[in-house]
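Here is final.cif, consisting of mmCIF, C-alpha atoms (C1' of nucleotides):
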```
data_start
loop_
_atom_site.group_PDB
_atom_site.id
_atom_site.type_symbol
_atom_site.label_atom_id
_atom_site.label_comp_id
_atom_site.auth_asym_id
_atom_site.auth_seq_id
_atom_site.Cartn_x
_atom_site.Cartn_y
_atom_site.Cartn_z
ATOM 1 C CA MET W 2 -55.314 175.195 -122.561
ATOM 2 C CA SER W 3 -51.897 174.110 -121.466
ATOM 3 C CA SER W 4 -49.419 176.814 -120.655
ATOM 4 C CA GLU W 5 -45.784 176.057 -120.109
ATOM 5 C CA LEU W 6 -46.211 176.478 -116.384
ATOM 6 C CA TYR W 7 -49.003 173.932 -116.297
ATOM 7 C CA HIS W 8 -46.748 171.551 -118.182
ATOM 8 C CA ASN W 9 -44.099 172.290 -115.576
ATOM 9 C CA ILE W 10 -46.510 171.491 -112.753
ATOM 10 C CA TYR W 11 -47.414 168.184 -114.354
ATOM 11 C CA ALA W 12 -43.737 167.323 -114.824
ATOM 12 C CA VAL W 13 -43.036 167.927 -111.145
ATOM 13 C CA VAL W 14 -46.031 165.849 -110.047
ATOM 14 C CA LYS W 15 -44.899 163.066 -112.335
ATOM 15 C CA SER W 16 -41.528 162.980 -110.605
ATOM 16 C CA ILE W 17 -43.021 162.190 -107.195
ATOM 17 C CA PRO W 18 -41.825 158.646 -106.434
ATOM 18 C CA PHE W 19 -44.164 155.725 -105.761
ATOM 19 C CA GLY W 20 -45.290 155.671 -102.155
ATOM 20 C CA LYS W 21 -44.344 159.297 -101.528
ATOM 21 C CA ILE W 22 -46.477 162.455 -101.354
ATOM 22 C CA ALA W 23 -45.926 166.172 -101.825
ATOM 23 C CA THR W 24 -47.883 169.271 -100.862
ATOM 24 C CA TYR W 25 -49.416 171.793 -103.232
ATOM 25 C CA GLY W 26 -47.005 174.427 -101.982
ATOM 26 C CA GLN W 27 -44.013 172.218 -102.713
ATOM 27 C CA ILE W 28 -45.179 171.513 -106.231
ATOM 28 C CA ALA W 29 -45.754 175.212 -106.820
ATOM 29 C CA ALA W 30 -42.275 176.121 -105.628
ATOM 30 C CA LEU W 31 -40.582 173.389 -107.638
ATOM 31 C CA ALA W 32 -42.542 174.358 -110.746
ATOM 32 C CA GLY W 33 -41.411 177.966 -110.463
ATOM 33 C CA LEU W 34 -44.614 179.305 -108.869
ATOM 34 C CA PRO W 35 -43.639 180.128 -105.286
ATOM 35 C CA GLY W 36 -46.649 180.980 -103.137
ATOM 36 C CA ARG W 37 -49.169 179.940 -105.764
ATOM 37 C CA ALA W 38 -50.357 176.640 -104.360
ATOM 38 C CA ARG W 39 -53.891 177.341 -105.578
ATOM 39 C CA GLN W 40 -52.717 177.272 -109.168
ATOM 40 C CA VAL W 41 -51.365 173.778 -108.626
ATOM 41 C CA GLY W 42 -54.767 172.703 -107.412
ATOM 42 C CA TYR W 43 -56.380 174.286 -110.416
ATOM 43 C CA ALA W 44 -53.921 172.664 -112.811
ATOM 44 C CA LEU W 45 -54.668 169.255 -111.330
ATOM 45 C CA HIS W 46 -58.381 170.007 -111.473
ATOM 46 C CA ALA W 47 -58.084 170.474 -115.212
ATOM 47 C CA LEU W 48 -56.485 167.044 -115.565
ATOM 48 C CA PRO W 49 -58.496 164.313 -117.303
ATOM 49 C CA ASP W 50 -59.163 161.121 -115.363
ATOM 50 C CA SER W 51 -57.285 159.167 -117.988
ATOM 51 C CA SER W 52 -54.124 161.111 -117.315
ATOM 52 C CA ASP W 53 -50.986 159.304 -116.250
ATOM 53 C CA ILE W 54 -50.154 162.102 -113.818
ATOM 54 C CA PRO W 55 -50.064 160.730 -110.235
ATOM 55 C CA TRP W 56 -52.361 163.476 -108.954
ATOM 56 C CA HIS W 57 -53.245 161.424 -105.875
ATOM 57 C CA ARG W 58 -49.736 161.963 -104.474
ATOM 58 C CA VAL W 59 -50.468 165.667 -103.986
ATOM 59 C CA ILE W 60 -52.094 166.623 -100.682
ATOM 60 C CA ASN W 61 -52.390 169.806 -98.640
ATOM 61 C CA ALA W 62 -49.905 171.146 -96.090
ATOM 62 C CA LYS W 63 -51.765 169.561 -93.174
ATOM 63 C CA GLY W 64 -51.317 166.070 -94.544
ATOM 64 C CA GLU W 65 -55.012 165.798 -95.452
ATOM 65 C CA ILE W 66 -56.702 164.982 -98.722
ATOM 66 C CA SER W 67 -58.262 168.135 -100.137
ATOM 67 C CA ILE W 68 -61.935 167.737 -100.958
ATOM 68 C CA ARG W 69 -63.022 168.675 -104.480
ATOM 69 C CA SER W 70 -66.547 169.600 -105.519
ATOM 70 C CA ASP W 71 -67.252 165.866 -105.599
ATOM 71 C CA PRO W 72 -66.233 164.316 -102.244
ATOM 72 C CA LEU W 73 -66.091 160.927 -103.951
ATOM 73 C CA TYR W 74 -62.591 161.697 -105.150
ATOM 74 C CA ALA W 75 -61.315 161.814 -101.576
ATOM 75 C CA ASP W 76 -62.146 158.125 -101.224
ATOM 76 C CA ILE W 77 -60.512 157.312 -104.532
ATOM 77 C CA GLN W 78 -57.400 159.251 -103.625
ATOM 78 C CA ARG W 79 -57.128 157.591 -100.237
ATOM 79 C CA HIS W 80 -57.516 154.173 -101.790
ATOM 80 C CA LEU W 81 -54.821 154.892 -104.366
ATOM 81 C CA LEU W 82 -52.424 156.076 -101.673
ATOM 82 C CA GLU W 83 -53.088 153.104 -99.426
ATOM 83 C CA SER W 84 -52.403 150.800 -102.351
ATOM 84 C CA GLU W 85 -48.965 152.416 -102.505
ATOM 85 C CA GLY W 86 -48.329 151.658 -98.843
ATOM 86 C CA VAL W 87 -49.206 155.085 -97.461
ATOM 87 C CA VAL W 88 -50.746 154.758 -93.994
ATOM 88 C CA PHE W 89 -53.266 157.249 -92.597
ATOM 89 C CA ASN W 90 -53.377 158.026 -88.894
ATOM 90 C CA SER W 91 -56.445 158.080 -86.655
ATOM 91 C CA GLN W 92 -57.373 161.563 -87.873
ATOM 92 C CA ASN W 93 -57.381 160.531 -91.530
ATOM 93 C CA ARG W 94 -54.144 162.422 -91.985
ATOM 94 C CA ILE W 95 -50.837 161.345 -93.461
ATOM 95 C CA PRO W 96 -47.815 161.853 -91.143
ATOM 96 C CA LEU W 97 -45.912 164.254 -93.408
ATOM 97 C CA PRO W 98 -42.382 163.568 -92.112
ATOM 98 C CA ASP W 99 -42.818 159.873 -92.922
ATOM 99 C CA TYR W 100 -44.031 160.146 -96.501
ATOM 100 C CA LEU W 101 -43.078 163.589 -97.748
ATOM 101 C CA TRP W 102 -41.194 163.438 -101.017
ATOM 102 C CA MET W 103 -38.723 166.183 -100.230
ATOM 103 C CA SER W 104 -37.866 167.459 -96.783
ATOM 104 C CA ARG W 105 -39.242 170.865 -95.840
ATOM 105 C CA ILE W 106 -36.018 171.692 -94.126
ATOM 106 C "C1'" DG C 3 -63.603 194.221 -117.465
ATOM 107 C "C1'" DC C 4 -65.250 193.125 -112.925
ATOM 108 C "C1'" DA C 5 -66.613 189.915 -109.155
ATOM 109 C "C1'" DG C 6 -66.910 185.423 -107.412
ATOM 110 C "C1'" DT C 7 -64.703 180.952 -106.878
ATOM 111 C "C1'" DG C 8 -61.242 177.548 -105.518
ATOM 112 C "C1'" DA C 9 -57.748 170.070 -105.300
ATOM 113 C "C1'" DC C 10 -53.888 176.383 -100.948
ATOM 114 C "C1'" DT C 11 -50.871 178.357 -97.150
ATOM 115 C "C1'" DA C 12 -48.926 180.912 -93.335
ATOM 116 C "C1'" DG C 13 -50.084 183.838 -89.801
ATOM 117 C "C1'" DT C 14 -52.667 185.237 -85.783
ATOM 118 C "C1'" DA C 15 -55.806 184.642 -81.840
ATOM 119 C "C1'" DA E 23 -56.222 171.733 -80.696
ATOM 120 C "C1'" DT E 24 -59.712 174.916 -83.794
ATOM 121 C "C1'" DA E 25 -61.259 179.377 -86.301
ATOM 122 C "C1'" DC E 26 -60.651 183.199 -88.801
ATOM 123 C "C1'" DT E 27 -57.825 186.233 -91.959
ATOM 124 C "C1'" DA E 28 -55.097 188.028 -95.638
ATOM 125 C "C1'" DG E 29 -52.547 186.940 -99.622
ATOM 126 C "C1'" DC E 30 -52.484 184.502 -103.706
ATOM 127 C "C1'" DC E 31 -53.972 184.412 -109.039
ATOM 128 C "C1'" DA E 32 -56.063 181.630 -113.151
ATOM 129 C "C1'" DC E 33 -60.449 180.586 -114.461
ATOM 130 C "C1'" DT E 34 -65.453 181.475 -115.204
ATOM 131 C "C1'" DG E 35 -69.790 183.889 -116.105
#
```
Before we go any further, please render this structure as structure tokens.
Amino acid sequence: MSSELYHNIYAVVKSIPFGKIATYGQIAALAGLPGRARQVGYALHALPDSSDIPWHRVINAKGEISIRSDPLYADIQRHLLESEGVVFNSQNRIPLPDYLWMSRI
DNA sequence: GCAGTGACTAGTA
DNA sequence: ATACTAGCCACTG
């Protein structure tokens, strides 16, 4: 099932540049779903692995990788991000001001 | 149709 | 810094 809003979410995620990240809340707001960050997570969850959507560039508001039912994906996501030059700090977090796609200001 | 779940977030303590 | 809470709403059984 692919509603127009889901399509919108995917379009926004696709527009995140290489080496940059965005939060679920940002994606929701840009896709016309202010305050519905959970729906972004659900939309990405419904994505097939073969998708060309850069889902790994979406992280939570703390700069951490959100764990799915299968924790294996956290490793995959981290690896994908590191291959794009994203550096994690000592707490396994991404310094948001350094890599955030769009400023929160 | 109702209740539980979840790749979330901002607020409060 | 961590822990808990309310709000959020599509999806699932």
I need the output of the PyMOL selection byres ((chain C) within 10 of (chain W)) for this file as a tab-separated table (two decimals) with C-alpha atoms (C1' of nucleotides), in the frame of the given file; which residues are they?
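As a result, out_18.tsv now contains:
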```tsv
chain	number	residue	atom	x	y	z
C	8	DG	C1'	-61.24	177.55	-105.52
C	9	DA	C1'	-57.75	170.07	-105.30
C	10	DC	C1'	-53.89	176.38	-100.95
C	11	DT	C1'	-50.87	178.36	-97.15
```
Practice prompt. Report the residues retrieved by the PyMOL selection byres ((chain E and resi 28) around 9) from the displayed file, expressed as a list in words.
Written response: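 So the PyMOL selection byres ((chain E and resi 28) around 9) ends up selecting DG13 of chain C; DT27 and DG29 of chain E.
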Could you please tell me, as a PDB file with C-alpha atoms (C1' of nucleotides), in the coordinates of the input, which residues of chain E have an atom within 8 Å of chain W when using all atoms listed in the file?
```pdb
ATOM      1  C1'  DC E  30     -52.484 184.502-103.706  1.00  0.00           C
ATOM      2  C1'  DC E  31     -53.972 184.412-109.039  1.00  0.00           C
ATOM      3  C1'  DA E  32     -56.063 181.630-113.151  1.00  0.00           C
TER       4       DA E  32
END
```
Practice prompt. Quick one: apply the PyMOL selection byres ((chain E and resi 35) around 12) to the file and drop the selected residues here as an MDAnalysis selection string.
Written response: (chainID C and resid 4:7) or (chainID E and resid 33:34)
Discussion item. At a cut-off of 9 Å, using all atoms listed in the file, what residues contact Ala23 in chain W? Leave out same-chain residues fewer than 4 positions from it and give the result as a list in words.
Written reply: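 What passes the distance filter is Val14, Ile17, Gln27, Ile28, Arg58, Val59, Ile60, Asn61, Ala62, Leu97, Tyr100, Leu101, Trp102 and Met103 of chain W.
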Worksheet entry | Minimum-distance residue to Asn93 in chain W, chosen among W:Glu65, W:Asp53, W:Leu81, W:Asp76 (using all atoms listed in the file) | W:Glu65
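With CA of Ala30 in chain W on one side and CA of Asn9 in chain W on the other, the separation reads 10.8 Å.
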Discussion item. One decimal, in Å: what's the spacing between CA of Phe89 in chain W and CA of Pro55 in chain W?
Written reply: 18.3 Å
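Going from CA of Val13 in chain W over to CA of Leu34 in chain W, you cover 11.7 Å.
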